[in-house]
$ cat start.txt   # compact mmCIF, C-alpha atoms
# COMPACT_ATOMS: atom_id res chain seq x y z
CA MET A 1 18.11 -12.16 15.89
CA ASN A 2 18.63 -13.19 12.26
CA THR A 3 16.14 -12.32 9.53
CA ILE A 4 14.72 -15.82 9.15
CA GLN A 5 14.12 -16.15 12.89
CA LYS A 6 12.48 -12.72 13.03
CA GLN A 7 10.18 -13.63 10.14
CA HIS A 8 9.20 -16.85 11.91
CA ASP A 9 8.58 -15.05 15.19
CA LEU A 10 6.35 -12.42 13.57
CA LYS A 11 4.34 -15.06 11.72
CA GLU A 12 3.89 -16.93 14.98
CA LYS A 13 2.72 -13.74 16.69
CA ALA A 14 0.20 -13.13 13.90
CA ARG A 15 -1.05 -16.70 14.31
CA GLN A 16 -1.48 -16.13 18.06
CA VAL A 17 -3.35 -12.89 17.37
CA ARG A 18 -5.79 -14.79 15.16
CA VAL A 19 -6.28 -17.46 17.84
CA ASP A 20 -6.98 -14.71 20.38
CA ILE A 21 -9.46 -13.01 18.05
CA LEU A 22 -11.49 -16.16 17.49
CA ASP A 23 -11.43 -17.23 21.13
CA MET A 24 -12.55 -13.87 22.49
CA LEU A 25 -15.27 -13.45 19.86
CA ASN A 26 -16.59 -16.93 20.54
CA ARG A 27 -16.71 -16.21 24.28
CA SER A 28 -18.47 -12.87 23.75
CA GLY A 29 -21.02 -14.27 21.32
CA SER A 30 -20.84 -11.13 19.21
CA GLY A 31 -18.32 -8.99 17.37
CA HIS A 32 -16.53 -8.65 14.07
CA THR A 33 -14.63 -11.68 12.82
CA GLY A 34 -13.75 -10.95 9.18
CA GLY A 35 -12.20 -7.50 9.52
CA SER A 36 -10.32 -8.39 12.70
CA LEU A 37 -8.65 -11.35 10.99
CA SER A 38 -7.81 -9.33 7.86
CA ALA A 39 -5.97 -6.73 9.99
CA ALA A 40 -3.94 -9.17 12.10
CA ASP A 41 -0.74 -9.08 10.03
CA ILE A 42 -0.82 -5.29 9.73
CA LEU A 43 -1.09 -4.80 13.49
CA THR A 44 1.52 -7.47 14.14
CA ALA A 45 4.01 -5.64 11.91
CA LEU A 46 3.29 -2.29 13.57
CA TYR A 47 3.33 -3.27 17.22
CA PHE A 48 5.90 -6.04 17.32
CA SER A 49 8.45 -4.67 14.88
CA HIS A 50 8.00 -1.06 13.82
CA MET A 51 6.35 1.36 16.21
CA ASN A 52 8.20 2.95 19.12
CA HIS A 53 6.05 2.31 22.19
CA ASP A 54 6.46 1.10 25.76
CA SER A 55 3.82 -1.01 27.48
CA ASN A 56 5.39 -0.14 30.83
CA ASN A 57 4.85 3.55 30.11
CA PRO A 58 1.74 3.91 27.91
CA THR A 59 1.78 7.72 28.14
CA TRP A 60 5.46 8.09 27.23
CA GLU A 61 5.63 11.44 25.42
CA ASP A 62 7.93 10.23 22.64
CA ARG A 63 5.87 7.16 21.71
CA ASP A 64 4.45 6.63 18.25
CA ARG A 65 0.65 6.83 18.18
CA PHE A 66 -1.83 4.43 16.59
CA VAL A 67 -5.50 5.08 15.80
CA LEU A 68 -7.78 2.20 14.85
CA SER A 69 -10.22 4.12 12.69
CA LYS A 70 -12.05 0.89 11.78
CA GLY A 71 -12.95 0.49 15.43
CA HIS A 72 -14.95 -2.69 14.88
CA GLY A 73 -11.58 -4.43 14.37
CA ALA A 74 -10.94 -3.96 18.10
CA PRO A 75 -10.31 -7.67 18.84
CA ALA A 76 -7.14 -7.55 16.71
CA LEU A 77 -5.93 -4.44 18.53
CA TYR A 78 -6.74 -5.88 21.96
CA SER A 79 -4.75 -9.02 21.18
CA VAL A 80 -1.60 -7.15 20.12
CA LEU A 81 -1.85 -4.80 23.11
CA ALA A 82 -2.16 -7.76 25.48
CA ARG A 83 0.68 -9.67 23.84
CA CYS A 84 2.85 -6.52 24.00
CA GLY A 85 2.25 -6.32 27.74
CA TYR A 86 -0.25 -3.49 28.12
CA PHE A 87 -2.51 -5.79 30.14
CA ASP A 88 -2.85 -9.45 31.11
CA PRO A 89 -3.92 -11.63 28.14
CA GLU A 90 -6.47 -13.22 30.49
CA GLU A 91 -8.44 -9.99 30.11
CA LEU A 92 -9.15 -10.96 26.49
CA LYS A 93 -11.72 -13.42 27.79
CA SER A 94 -13.83 -10.50 29.02
CA LEU A 95 -14.44 -8.93 25.58
CA ARG A 96 -17.80 -7.11 25.43
CA LYS A 97 -18.74 -8.13 28.98
CA THR A 98 -20.40 -5.57 31.25
CA GLY A 99 -17.71 -3.66 33.14
CA SER A 100 -14.86 -5.05 31.02
CA MET A 101 -11.97 -2.87 29.96
CA LEU A 102 -12.42 -4.38 26.49
CA GLN A 103 -15.59 -3.10 24.93
CA GLY A 104 -16.85 -3.77 21.41
CA HIS A 105 -15.04 -0.69 20.12
CA PRO A 106 -11.85 0.85 21.55
CA ASP A 107 -12.25 3.08 24.60
CA MET A 108 -9.26 5.25 25.49
CA LYS A 109 -10.62 5.79 29.00
CA THR A 110 -10.68 2.12 29.97
CA THR A 111 -8.11 0.24 27.87
CA PRO A 112 -4.35 0.72 28.41
CA GLY A 113 -2.59 1.47 25.14
CA VAL A 114 -5.66 2.73 23.27
CA GLU A 115 -4.93 6.24 22.01
CA MET A 116 -8.41 7.20 20.82
CA SER A 117 -11.99 5.96 21.22
CA THR A 118 -13.22 4.96 17.77
CA GLY A 119 -16.02 3.12 16.05
CA SER A 120 -18.02 5.84 14.32
CA LEU A 121 -16.49 5.27 10.91
CA GLY A 122 -14.75 8.01 8.98
CA GLN A 123 -13.34 9.93 11.92
CA GLY A 124 -9.98 8.29 12.60
CA LEU A 125 -7.98 10.03 9.91
CA SER A 126 -9.08 13.46 11.15
CA ILE A 127 -8.03 12.49 14.67
CA ALA A 128 -4.67 11.23 13.43
CA ASN A 129 -4.15 14.50 11.55
CA GLY A 130 -4.62 16.42 14.78
CA MET A 131 -2.25 14.17 16.69
CA ALA A 132 0.44 14.44 14.03
CA LEU A 133 0.12 18.23 13.76
CA GLY A 134 0.34 18.55 17.53
CA LEU A 135 3.51 16.46 17.60
CA LYS A 136 5.02 18.66 14.90
CA LEU A 137 4.21 21.79 16.89
CA ASP A 138 5.90 20.21 19.91
CA LYS A 139 8.98 19.40 17.77
CA LYS A 140 8.55 15.68 18.42
CA SER A 141 10.03 13.12 16.04
CA CYS A 142 7.45 10.43 16.79
CA ARG A 143 4.95 9.31 14.16
CA VAL A 144 1.23 8.65 13.93
CA TYR A 145 -0.31 5.59 12.27
CA VAL A 146 -3.98 5.09 11.44
CA LEU A 147 -5.71 1.98 10.10
CA MET A 148 -8.84 2.44 7.99
CA GLY A 149 -11.25 -0.01 6.40
CA ASP A 150 -12.04 0.06 2.70
CA GLY A 151 -15.78 0.47 3.24
CA GLU A 152 -14.93 3.28 5.61
CA ILE A 153 -13.30 5.40 2.93
CA GLN A 154 -16.71 5.83 1.36
CA GLU A 155 -17.17 8.43 4.12
CA GLY A 156 -16.75 12.04 2.99
CA GLN A 157 -14.87 13.01 6.14
CA ILE A 158 -12.02 10.72 5.10
CA TRP A 159 -11.45 12.78 1.96
CA GLU A 160 -11.66 16.10 3.82
CA ALA A 161 -9.00 14.75 6.16
CA ALA A 162 -6.94 13.45 3.23
CA MET A 163 -7.00 16.89 1.63
CA SER A 164 -6.05 18.57 4.92
CA ALA A 165 -3.15 16.19 5.58
CA ALA A 166 -1.63 16.95 2.19
CA HIS A 167 -2.28 20.70 2.51
CA TYR A 168 -0.46 20.87 5.85
CA LYS A 169 2.31 18.51 4.65
CA ILE A 170 1.80 16.14 7.57
CA ASP A 171 4.73 13.88 6.80
CA ASN A 172 4.82 12.29 10.27
CA LEU A 173 1.50 10.59 9.42
CA CYS A 174 1.16 7.17 7.81
CA ALA A 175 -2.25 5.70 7.02
CA LEU A 176 -2.83 2.04 6.30
CA LEU A 177 -5.85 0.80 4.36
CA ASP A 178 -7.25 -2.69 5.03
CA LEU A 179 -8.47 -3.35 1.49
CA ASN A 180 -10.35 -6.62 1.87
CA GLY A 181 -13.12 -5.81 -0.59
CA LEU A 182 -16.10 -6.55 1.66
CA GLN A 183 -18.23 -4.47 4.01
CA ILE A 184 -21.31 -5.28 6.07
CA ASP A 185 -23.74 -4.82 3.16
CA GLY A 186 -21.71 -6.72 0.56
CA PRO A 187 -18.81 -6.20 -1.87
CA VAL A 188 -17.40 -2.68 -1.58
CA GLN A 189 -17.47 -2.19 -5.34
CA GLU A 190 -21.22 -2.87 -5.38
CA VAL A 191 -22.16 -0.81 -2.31
CA MET A 192 -20.10 2.23 -3.37
CA ASN A 193 -17.14 1.64 -5.65
CA ILE A 194 -13.93 3.18 -4.27
CA GLN A 195 -11.63 2.31 -7.15
CA PRO A 196 -9.16 3.39 -8.40
CA VAL A 197 -7.92 3.67 -4.80
CA GLN A 198 -4.26 4.32 -5.53
CA ASP A 199 -5.03 7.07 -8.05
CA LYS A 200 -7.44 8.76 -5.65
CA TRP A 201 -4.91 9.03 -2.82
CA GLN A 202 -2.18 10.16 -5.18
CA SER A 203 -4.45 12.86 -6.59
CA PHE A 204 -5.05 14.10 -3.05
CA GLY A 205 -1.30 14.61 -2.64
CA TRP A 206 -0.31 11.48 -0.73
CA HIS A 207 2.66 9.20 -1.29
CA VAL A 208 1.17 5.79 -1.98
CA PHE A 209 2.56 2.31 -1.36
CA GLU A 210 0.71 -0.88 -2.25
CA VAL A 211 1.50 -4.23 -0.63
CA ASP A 212 0.17 -7.69 0.13
CA GLY A 213 -1.44 -7.02 3.50
CA HIS A 214 -0.58 -10.51 4.73
CA ASP A 215 3.12 -10.30 3.85
CA ILE A 216 4.63 -8.93 7.04
CA ASP A 217 8.02 -8.28 5.43
CA ALA A 218 6.37 -6.24 2.66
CA ILE A 219 4.36 -4.25 5.21
CA LEU A 220 7.50 -3.51 7.23
CA ASP A 221 9.43 -2.47 4.13
CA ALA A 222 6.67 -0.02 3.19
CA LEU A 223 6.52 1.33 6.75
CA TYR A 224 10.28 1.91 6.71
CA LYS A 225 10.09 3.72 3.35
CA ALA A 226 7.14 5.80 4.54
CA ASP A 227 9.27 7.03 7.45
CA LYS A 228 11.62 8.63 4.91
CA ILE A 229 8.97 10.52 2.91
CA LYS A 230 9.16 14.26 3.48
CA GLY A 231 6.66 16.99 2.69
CA LYS A 232 3.56 14.81 2.32
CA PRO A 233 1.63 12.11 4.19
CA SER A 234 1.92 8.46 3.21
CA ILE A 235 -0.61 5.68 2.84
CA ILE A 236 0.04 1.95 2.56
CA ILE A 237 -2.72 0.19 0.65
CA CYS A 238 -2.79 -3.32 2.10
CA ASN A 239 -4.49 -5.86 -0.14
CA THR A 240 -6.05 -8.29 2.30
CA VAL A 241 -8.54 -11.14 2.55
CA LYS A 242 -11.58 -10.82 4.78
CA GLY A 243 -11.37 -13.57 7.41
CA LYS A 244 -7.75 -14.39 6.53
CA GLY A 245 -6.32 -17.49 8.18
CA VAL A 246 -9.49 -19.57 8.40
CA SER A 247 -10.53 -21.06 5.07
CA PHE A 248 -14.27 -21.11 5.70
CA PHE A 249 -14.31 -17.48 6.86
CA GLU A 250 -12.22 -16.10 3.99
CA ASN A 251 -14.00 -13.77 1.56
CA LYS A 252 -17.37 -14.42 3.24
CA VAL A 253 -19.31 -11.21 3.80
CA GLU A 254 -21.64 -12.98 6.26
CA TYR A 255 -18.75 -13.16 8.75
CA HIS A 256 -18.26 -9.39 8.81
CA GLY A 257 -20.12 -9.00 12.09
CA VAL A 258 -20.73 -12.56 13.29
CA SER A 259 -18.74 -14.38 15.99
CA PRO A 260 -17.70 -18.03 15.51
CA SER A 261 -19.86 -20.75 17.02
CA ASP A 262 -18.31 -23.45 19.22
CA GLU A 263 -18.11 -25.82 16.25
CA GLU A 264 -16.62 -23.15 14.00
CA LEU A 265 -14.08 -22.22 16.66
CA GLU A 266 -12.94 -25.83 16.97
CA ARG A 267 -12.52 -26.15 13.20
CA ALA A 268 -10.77 -22.79 12.94
CA LEU A 269 -8.28 -23.52 15.72
CA LYS A 270 -7.32 -26.76 13.99
CA GLU A 271 -6.45 -24.76 10.87
CA LEU A 272 -4.46 -22.22 12.86

$ encode --input "start.txt" --output "structure tokens"
Amino acid sequence: MNTIQKQHDLKEKARQVRVDILDMLNRSGSGHTGGSLSAADILTALYFSHMNHDSNNPTWEDRDRFVLSKGHGAPALYSVLARCGYFDPEELKSLRKTGSMLQGHPDMKTTPGVEMSTGSLGQGLSIANGMALGLKLDKKSCRVYVLMGDGEIQEGQIWEAAMSAAHYKIDNLCALLDLNGLQIDGPVQEVMNIQPVQDKWQSFGWHVFEVDGHDIDAILDALYKADKIKGKPSIIICNTVKGKGVSFFENKVEYHGVSPSDEELERALKEL
């Protein structure tokens, strides 16, 4: 496949992920719209082009691992898992329903392809550290990826984990930060300012990349470069837009944890 065709295919997959997100959230009547849409391109790059994984063998020992630390972004993860073949995309219609394999936050016991149950913010990086250290002890070459939200890194546990990852030189770990600037209570800089983000991670001993979080080629380039970093963990700061892909959701804090109405879904699907 040539580069132009690959770029087109990945953009189309990201568009489909956004359609899935909006449809399943509308059906469920609850869930997190803004942060799921902002993460769509990041997850598309990881699952469809970078990570080593096998939907036919979800427990393959040599697979790369992914932890969705911002567990409320589960709709984006469920879409990519379904489109990668971990389960039938028809299951997406059951989001948040009683007895569904797709609950409001990822559940490793019920959803094929989910590596860790998450949703209590601040814990994912610690979990990823443990996974990556375990793989090192087992002499495995696979890698661990973890996606965090920007409001989430206000949590103290994140910085304990950041310090630990650098101390133990966990270079098979790559974090990605969905930096969309908004959290449930408002702008991140007003709730608890996290800037300067790049300087903070560098000072904790991490190799830092910064990219447009909606430029799939830029994300993939940073992921490839992160694979080559030795002796320290890497983080890719992804500058994103809350609600990306639907003009009337973009940069609107009120759509952090609100699902689209029928009328909003119809308008959004026309844009997509």

$ closest_atom_pairs --input "start.txt" --of "range 146-215 of chain A" --to "range 58-68 of chain A" --cutoff "12 Å" --atoms "only C-alpha atoms" --output "tab-separated table"
residue	atom	partner	partner_atom	distance
A:Val146	CA	A:Val67	CA	4.6
A:Leu147	CA	A:Leu68	CA	5.2
A:Met148	CA	A:Leu68	CA	6.9
A:Gly149	CA	A:Leu68	CA	9.4
A:Glu152	CA	A:Leu68	CA	11.7
A:Asn172	CA	A:Asp64	CA	9.8
A:Leu173	CA	A:Arg65	CA	9.6
A:Cys174	CA	A:Phe66	CA	9.7
A:Ala175	CA	A:Val67	CA	9.4
A:Leu176	CA	A:Leu68	CA	9.9
A:Leu177	CA	A:Leu68	CA	10.8
A:Asp178	CA	A:Leu68	CA	11.0

$ residues_near_point --input "start.txt" --point "(-8.7, -18.1, 18.7)" --cutoff "10 Å" --atoms "all atoms listed in the file" --output "PyMOL selection string"
chain A and resi 15-27+260+265-266+268-270+272

$ atom_distance --input "start.txt" --atom1 "CA of Asp9 in chain A" --atom2 "CA of Gly85 in chain A"
16.5 Å

$ closest_atom_pairs --input "start.txt" --of "range 43-145 of chain A" --to "range 159-167 of chain A" --cutoff "9 Å" --atoms "only C-alpha atoms" --output "JSON lines"
{"residue": "A:Gln123", "atom": "CA", "partner": "A:Ala161", "partner_atom": "CA", "distance": 8.7}
{"residue": "A:Leu125", "atom": "CA", "partner": "A:Ala161", "partner_atom": "CA", "distance": 6.1}
{"residue": "A:Ser126", "atom": "CA", "partner": "A:Ala161", "partner_atom": "CA", "distance": 5.2}
{"residue": "A:Ile127", "atom": "CA", "partner": "A:Ala161", "partner_atom": "CA", "distance": 8.9}
{"residue": "A:Asn129", "atom": "CA", "partner": "A:Ala165", "partner_atom": "CA", "distance": 6.3}

$ residues_around --input "start.txt" --residues "Ala132 in chain A" --least-positions-apart "2" --cutoff "8 Å" --atoms "only C-alpha atoms" --output "list in words"
Ala128, Asn129, Gly130, Gly134, Leu135, Lys136, Arg143, Val144, Ile170, Asn172 and Leu173 of chain A

$ closest_residue --input "start.txt" --among "A:Tyr78, A:Trp201, A:Phe209, A:Phe249" --to "Leu223 in chain A" --atoms "all atoms listed in the file"
A:Phe209

$ residues_around --input "start.txt" --residues "Ser28 in chain A" --least-positions-apart "6" --cutoff "9 Å" --atoms "all atoms listed in the file" --output "ChimeraX atom specification"
/A:93-97,259

$ closest_atom_pairs --input "start.txt" --of "range 157-255 of chain A" --to "range 43-54 of chain A" --cutoff "9 Å" --atoms "all atoms listed in the file" --output "tab-separated table"
residue	atom	partner	partner_atom	distance
A:Ile216	CA	A:Ala45	CA	5.9
A:Asp217	CA	A:Ala45	CA	8.1
A:Ile219	CA	A:Ala45	CA	6.9
A:Leu220	CA	A:Ala45	CA	6.2
A:Leu223	CA	A:His50	CA	7.6
A:Tyr224	CA	A:His50	CA	8.0

$ closest_residue --input "start.txt" --among "A:Ala40, A:Gly29, A:Pro196, A:Leu182" --to "Lys11 in chain A" --atoms "all atoms listed in the file"
A:Ala40

$ atom_distance --input "start.txt" --atom1 "CA of Phe87 in chain A" --atom2 "CA of Gly35 in chain A"
22.8 Å

$ closest_residue --input "start.txt" --among "A:Gly156, A:Gly245, A:Gly34, A:Pro233" --to "Arg267 in chain A" --atoms "all atoms listed in the file"
A:Gly245

$ residues_around --input "start.txt" --residues "Val197 in chain A" --least-positions-apart "5" --cutoff "12 Å" --atoms "all atoms listed in the file" --output "JSON, numbers by chain"
{"A": [150, 151, 153, 154, 159, 177, 178, 179, 181, 188, 189, 202, 203, 204, 206, 208, 209, 210, 235, 236, 237, 238, 239]}

$ atom_distance --input "start.txt" --atom1 "CA of His105 in chain A" --atom2 "CA of Lys70 in chain A"
9.0 Å

$ residues_near_point --input "start.txt" --point "(-17.0, -7.7, 0.2)" --cutoff "9 Å" --atoms "all atoms listed in the file" --output "PyMOL selection string"
chain A and resi 151+180-191+242+251-253+256

$ closest_residue --input "start.txt" --among "A:Ala74, A:Ile158, A:Ile194, A:Cys84" --to "Gly31 in chain A" --atoms "all atoms listed in the file"
A:Ala74

$ closest_residue --input "start.txt" --among "A:His32, A:Arg83, A:His72, A:His207" --to "Ser120 in chain A" --atoms "only C-alpha atoms"
A:His72

$ closest_residue --input "start.txt" --among "A:Ser141, A:Asn57, A:Thr240, A:Thr110" --to "Asp227 in chain A" --atoms "all atoms listed in the file"
A:Ser141

$ build_atoms --input "start.txt" --residues "range 187-223 of chain A" --atoms "N, CA and C atoms" --output "PDB file, in the coordinates of the input"
ATOM      1  N   PRO A 187     -20.065  -6.633  -1.243  1.00  0.00           N
ATOM      2  CA  PRO A 187     -18.810  -6.200  -1.870  1.00  0.00           C
ATOM      3  C   PRO A 187     -18.732  -4.684  -1.937  1.00  0.00           C
ATOM      4  N   VAL A 188     -17.578  -4.136  -1.583  1.00  0.00           N
ATOM      5  CA  VAL A 188     -17.400  -2.680  -1.580  1.00  0.00           C
ATOM      6  C   VAL A 188     -17.705  -2.085  -2.947  1.00  0.00           C
ATOM      7  N   GLN A 189     -17.275  -2.744  -4.007  1.00  0.00           N
ATOM      8  CA  GLN A 189     -17.470  -2.190  -5.340  1.00  0.00           C
ATOM      9  C   GLN A 189     -18.938  -2.110  -5.738  1.00  0.00           C
ATOM     10  N   GLU A 190     -19.794  -2.914  -5.088  1.00  0.00           N
ATOM     11  CA  GLU A 190     -21.220  -2.870  -5.380  1.00  0.00           C
ATOM     12  C   GLU A 190     -21.953  -1.869  -4.485  1.00  0.00           C
ATOM     13  N   VAL A 191     -21.519  -1.748  -3.241  1.00  0.00           N
ATOM     14  CA  VAL A 191     -22.160  -0.810  -2.310  1.00  0.00           C
ATOM     15  C   VAL A 191     -21.848   0.633  -2.715  1.00  0.00           C
ATOM     16  N   MET A 192     -20.559   0.909  -2.905  1.00  0.00           N
ATOM     17  CA  MET A 192     -20.100   2.230  -3.370  1.00  0.00           C
ATOM     18  C   MET A 192     -18.653   2.056  -3.815  1.00  0.00           C
ATOM     19  N   ASN A 193     -18.462   1.957  -5.112  1.00  0.00           N
ATOM     20  CA  ASN A 193     -17.140   1.640  -5.650  1.00  0.00           C
ATOM     21  C   ASN A 193     -16.105   2.704  -5.261  1.00  0.00           C
ATOM     22  N   ILE A 194     -14.982   2.259  -4.716  1.00  0.00           N
ATOM     23  CA  ILE A 194     -13.930   3.180  -4.270  1.00  0.00           C
ATOM     24  C   ILE A 194     -12.738   3.207  -5.224  1.00  0.00           C
ATOM     25  N   GLN A 195     -12.754   2.364  -6.228  1.00  0.00           N
ATOM     26  CA  GLN A 195     -11.630   2.310  -7.150  1.00  0.00           C
ATOM     27  C   GLN A 195     -11.662   3.478  -8.141  1.00  0.00           C
ATOM     28  N   PRO A 196     -10.504   3.895  -8.677  1.00  0.00           N
ATOM     29  CA  PRO A 196      -9.160   3.390  -8.400  1.00  0.00           C
ATOM     30  C   PRO A 196      -8.572   4.011  -7.125  1.00  0.00           C
ATOM     31  N   VAL A 197      -8.342   3.187  -6.125  1.00  0.00           N
ATOM     32  CA  VAL A 197      -7.920   3.670  -4.800  1.00  0.00           C
ATOM     33  C   VAL A 197      -6.570   4.371  -4.866  1.00  0.00           C
ATOM     34  N   GLN A 198      -5.597   3.740  -5.496  1.00  0.00           N
ATOM     35  CA  GLN A 198      -4.260   4.320  -5.530  1.00  0.00           C
ATOM     36  C   GLN A 198      -4.273   5.691  -6.205  1.00  0.00           C
ATOM     37  N   ASP A 199      -4.967   5.791  -7.329  1.00  0.00           N
ATOM     38  CA  ASP A 199      -5.030   7.070  -8.050  1.00  0.00           C
ATOM     39  C   ASP A 199      -5.697   8.153  -7.215  1.00  0.00           C
ATOM     40  N   LYS A 200      -6.730   7.781  -6.478  1.00  0.00           N
ATOM     41  CA  LYS A 200      -7.440   8.760  -5.650  1.00  0.00           C
ATOM     42  C   LYS A 200      -6.503   9.369  -4.597  1.00  0.00           C
ATOM     43  N   TRP A 201      -5.792   8.511  -3.872  1.00  0.00           N
ATOM     44  CA  TRP A 201      -4.910   9.030  -2.820  1.00  0.00           C
ATOM     45  C   TRP A 201      -3.750   9.837  -3.405  1.00  0.00           C
ATOM     46  N   GLN A 202      -3.239   9.392  -4.536  1.00  0.00           N
ATOM     47  CA  GLN A 202      -2.180  10.160  -5.180  1.00  0.00           C
ATOM     48  C   GLN A 202      -2.686  11.539  -5.606  1.00  0.00           C
ATOM     49  N   SER A 203      -3.903  11.581  -6.123  1.00  0.00           N
ATOM     50  CA  SER A 203      -4.450  12.860  -6.590  1.00  0.00           C
ATOM     51  C   SER A 203      -4.723  13.814  -5.433  1.00  0.00           C
ATOM     52  N   PHE A 204      -4.872  13.263  -4.230  1.00  0.00           N
ATOM     53  CA  PHE A 204      -5.050  14.100  -3.050  1.00  0.00           C
ATOM     54  C   PHE A 204      -3.720  14.519  -2.437  1.00  0.00           C
ATOM     55  N   GLY A 205      -2.610  14.146  -3.079  1.00  0.00           N
ATOM     56  CA  GLY A 205      -1.300  14.610  -2.640  1.00  0.00           C
ATOM     57  C   GLY A 205      -0.563  13.708  -1.683  1.00  0.00           C
ATOM     58  N   TRP A 206      -0.951  12.435  -1.625  1.00  0.00           N
ATOM     59  CA  TRP A 206      -0.310  11.480  -0.730  1.00  0.00           C
ATOM     60  C   TRP A 206       0.718  10.634  -1.477  1.00  0.00           C
ATOM     61  N   HIS A 207       1.739  10.193  -0.742  1.00  0.00           N
ATOM     62  CA  HIS A 207       2.660   9.200  -1.290  1.00  0.00           C
ATOM     63  C   HIS A 207       2.048   7.830  -1.023  1.00  0.00           C
ATOM     64  N   VAL A 208       1.908   7.043  -2.075  1.00  0.00           N
ATOM     65  CA  VAL A 208       1.170   5.790  -1.980  1.00  0.00           C
ATOM     66  C   VAL A 208       2.092   4.578  -2.150  1.00  0.00           C
ATOM     67  N   PHE A 209       1.934   3.625  -1.236  1.00  0.00           N
ATOM     68  CA  PHE A 209       2.560   2.310  -1.360  1.00  0.00           C
ATOM     69  C   PHE A 209       1.437   1.289  -1.470  1.00  0.00           C
ATOM     70  N   GLU A 210       1.699   0.197  -2.156  1.00  0.00           N
ATOM     71  CA  GLU A 210       0.710  -0.880  -2.250  1.00  0.00           C
ATOM     72  C   GLU A 210       1.403  -2.200  -1.967  1.00  0.00           C
ATOM     73  N   VAL A 211       0.850  -2.988  -1.037  1.00  0.00           N
ATOM     74  CA  VAL A 211       1.500  -4.230  -0.630  1.00  0.00           C
ATOM     75  C   VAL A 211       0.465  -5.339  -0.427  1.00  0.00           C
ATOM     76  N   ASP A 212       0.964  -6.555  -0.328  1.00  0.00           N
ATOM     77  CA  ASP A 212       0.170  -7.690   0.130  1.00  0.00           C
ATOM     78  C   ASP A 212       0.014  -7.509   1.648  1.00  0.00           C
ATOM     79  N   GLY A 213      -1.197  -7.303   2.099  1.00  0.00           N
ATOM     80  CA  GLY A 213      -1.440  -7.020   3.500  1.00  0.00           C
ATOM     81  C   GLY A 213      -1.276  -8.201   4.432  1.00  0.00           C
ATOM     82  N   HIS A 214      -0.869  -9.346   3.889  1.00  0.00           N
ATOM     83  CA  HIS A 214      -0.580 -10.510   4.730  1.00  0.00           C
ATOM     84  C   HIS A 214       0.896 -10.905   4.637  1.00  0.00           C
ATOM     85  N   ASP A 215       1.677 -10.103   3.941  1.00  0.00           N
ATOM     86  CA  ASP A 215       3.120 -10.300   3.850  1.00  0.00           C
ATOM     87  C   ASP A 215       3.781  -9.328   4.821  1.00  0.00           C
ATOM     88  N   ILE A 216       4.133  -9.812   5.989  1.00  0.00           N
ATOM     89  CA  ILE A 216       4.630  -8.930   7.040  1.00  0.00           C
ATOM     90  C   ILE A 216       5.916  -8.228   6.618  1.00  0.00           C
ATOM     91  N   ASP A 217       6.783  -8.914   5.906  1.00  0.00           N
ATOM     92  CA  ASP A 217       8.020  -8.280   5.430  1.00  0.00           C
ATOM     93  C   ASP A 217       7.712  -7.119   4.483  1.00  0.00           C
ATOM     94  N   ALA A 218       6.736  -7.302   3.603  1.00  0.00           N
ATOM     95  CA  ALA A 218       6.370  -6.240   2.660  1.00  0.00           C
ATOM     96  C   ALA A 218       5.763  -5.050   3.394  1.00  0.00           C
ATOM     97  N   ILE A 219       4.954  -5.324   4.406  1.00  0.00           N
ATOM     98  CA  ILE A 219       4.360  -4.250   5.210  1.00  0.00           C
ATOM     99  C   ILE A 219       5.463  -3.462   5.910  1.00  0.00           C
ATOM    100  N   LEU A 220       6.410  -4.166   6.509  1.00  0.00           N
ATOM    101  CA  LEU A 220       7.500  -3.510   7.230  1.00  0.00           C
ATOM    102  C   LEU A 220       8.384  -2.691   6.291  1.00  0.00           C
ATOM    103  N   ASP A 221       8.622  -3.205   5.094  1.00  0.00           N
ATOM    104  CA  ASP A 221       9.430  -2.470   4.130  1.00  0.00           C
ATOM    105  C   ASP A 221       8.731  -1.160   3.742  1.00  0.00           C
ATOM    106  N   ALA A 222       7.417  -1.237   3.532  1.00  0.00           N
ATOM    107  CA  ALA A 222       6.670  -0.020   3.190  1.00  0.00           C
ATOM    108  C   ALA A 222       6.643   0.965   4.349  1.00  0.00           C
ATOM    109  N   LEU A 223       6.510   0.460   5.572  1.00  0.00           N
ATOM    110  CA  LEU A 223       6.520   1.330   6.750  1.00  0.00           C
ATOM    111  C   LEU A 223       7.869   2.055   6.877  1.00  0.00           C
TER     112      LEU A 223
END
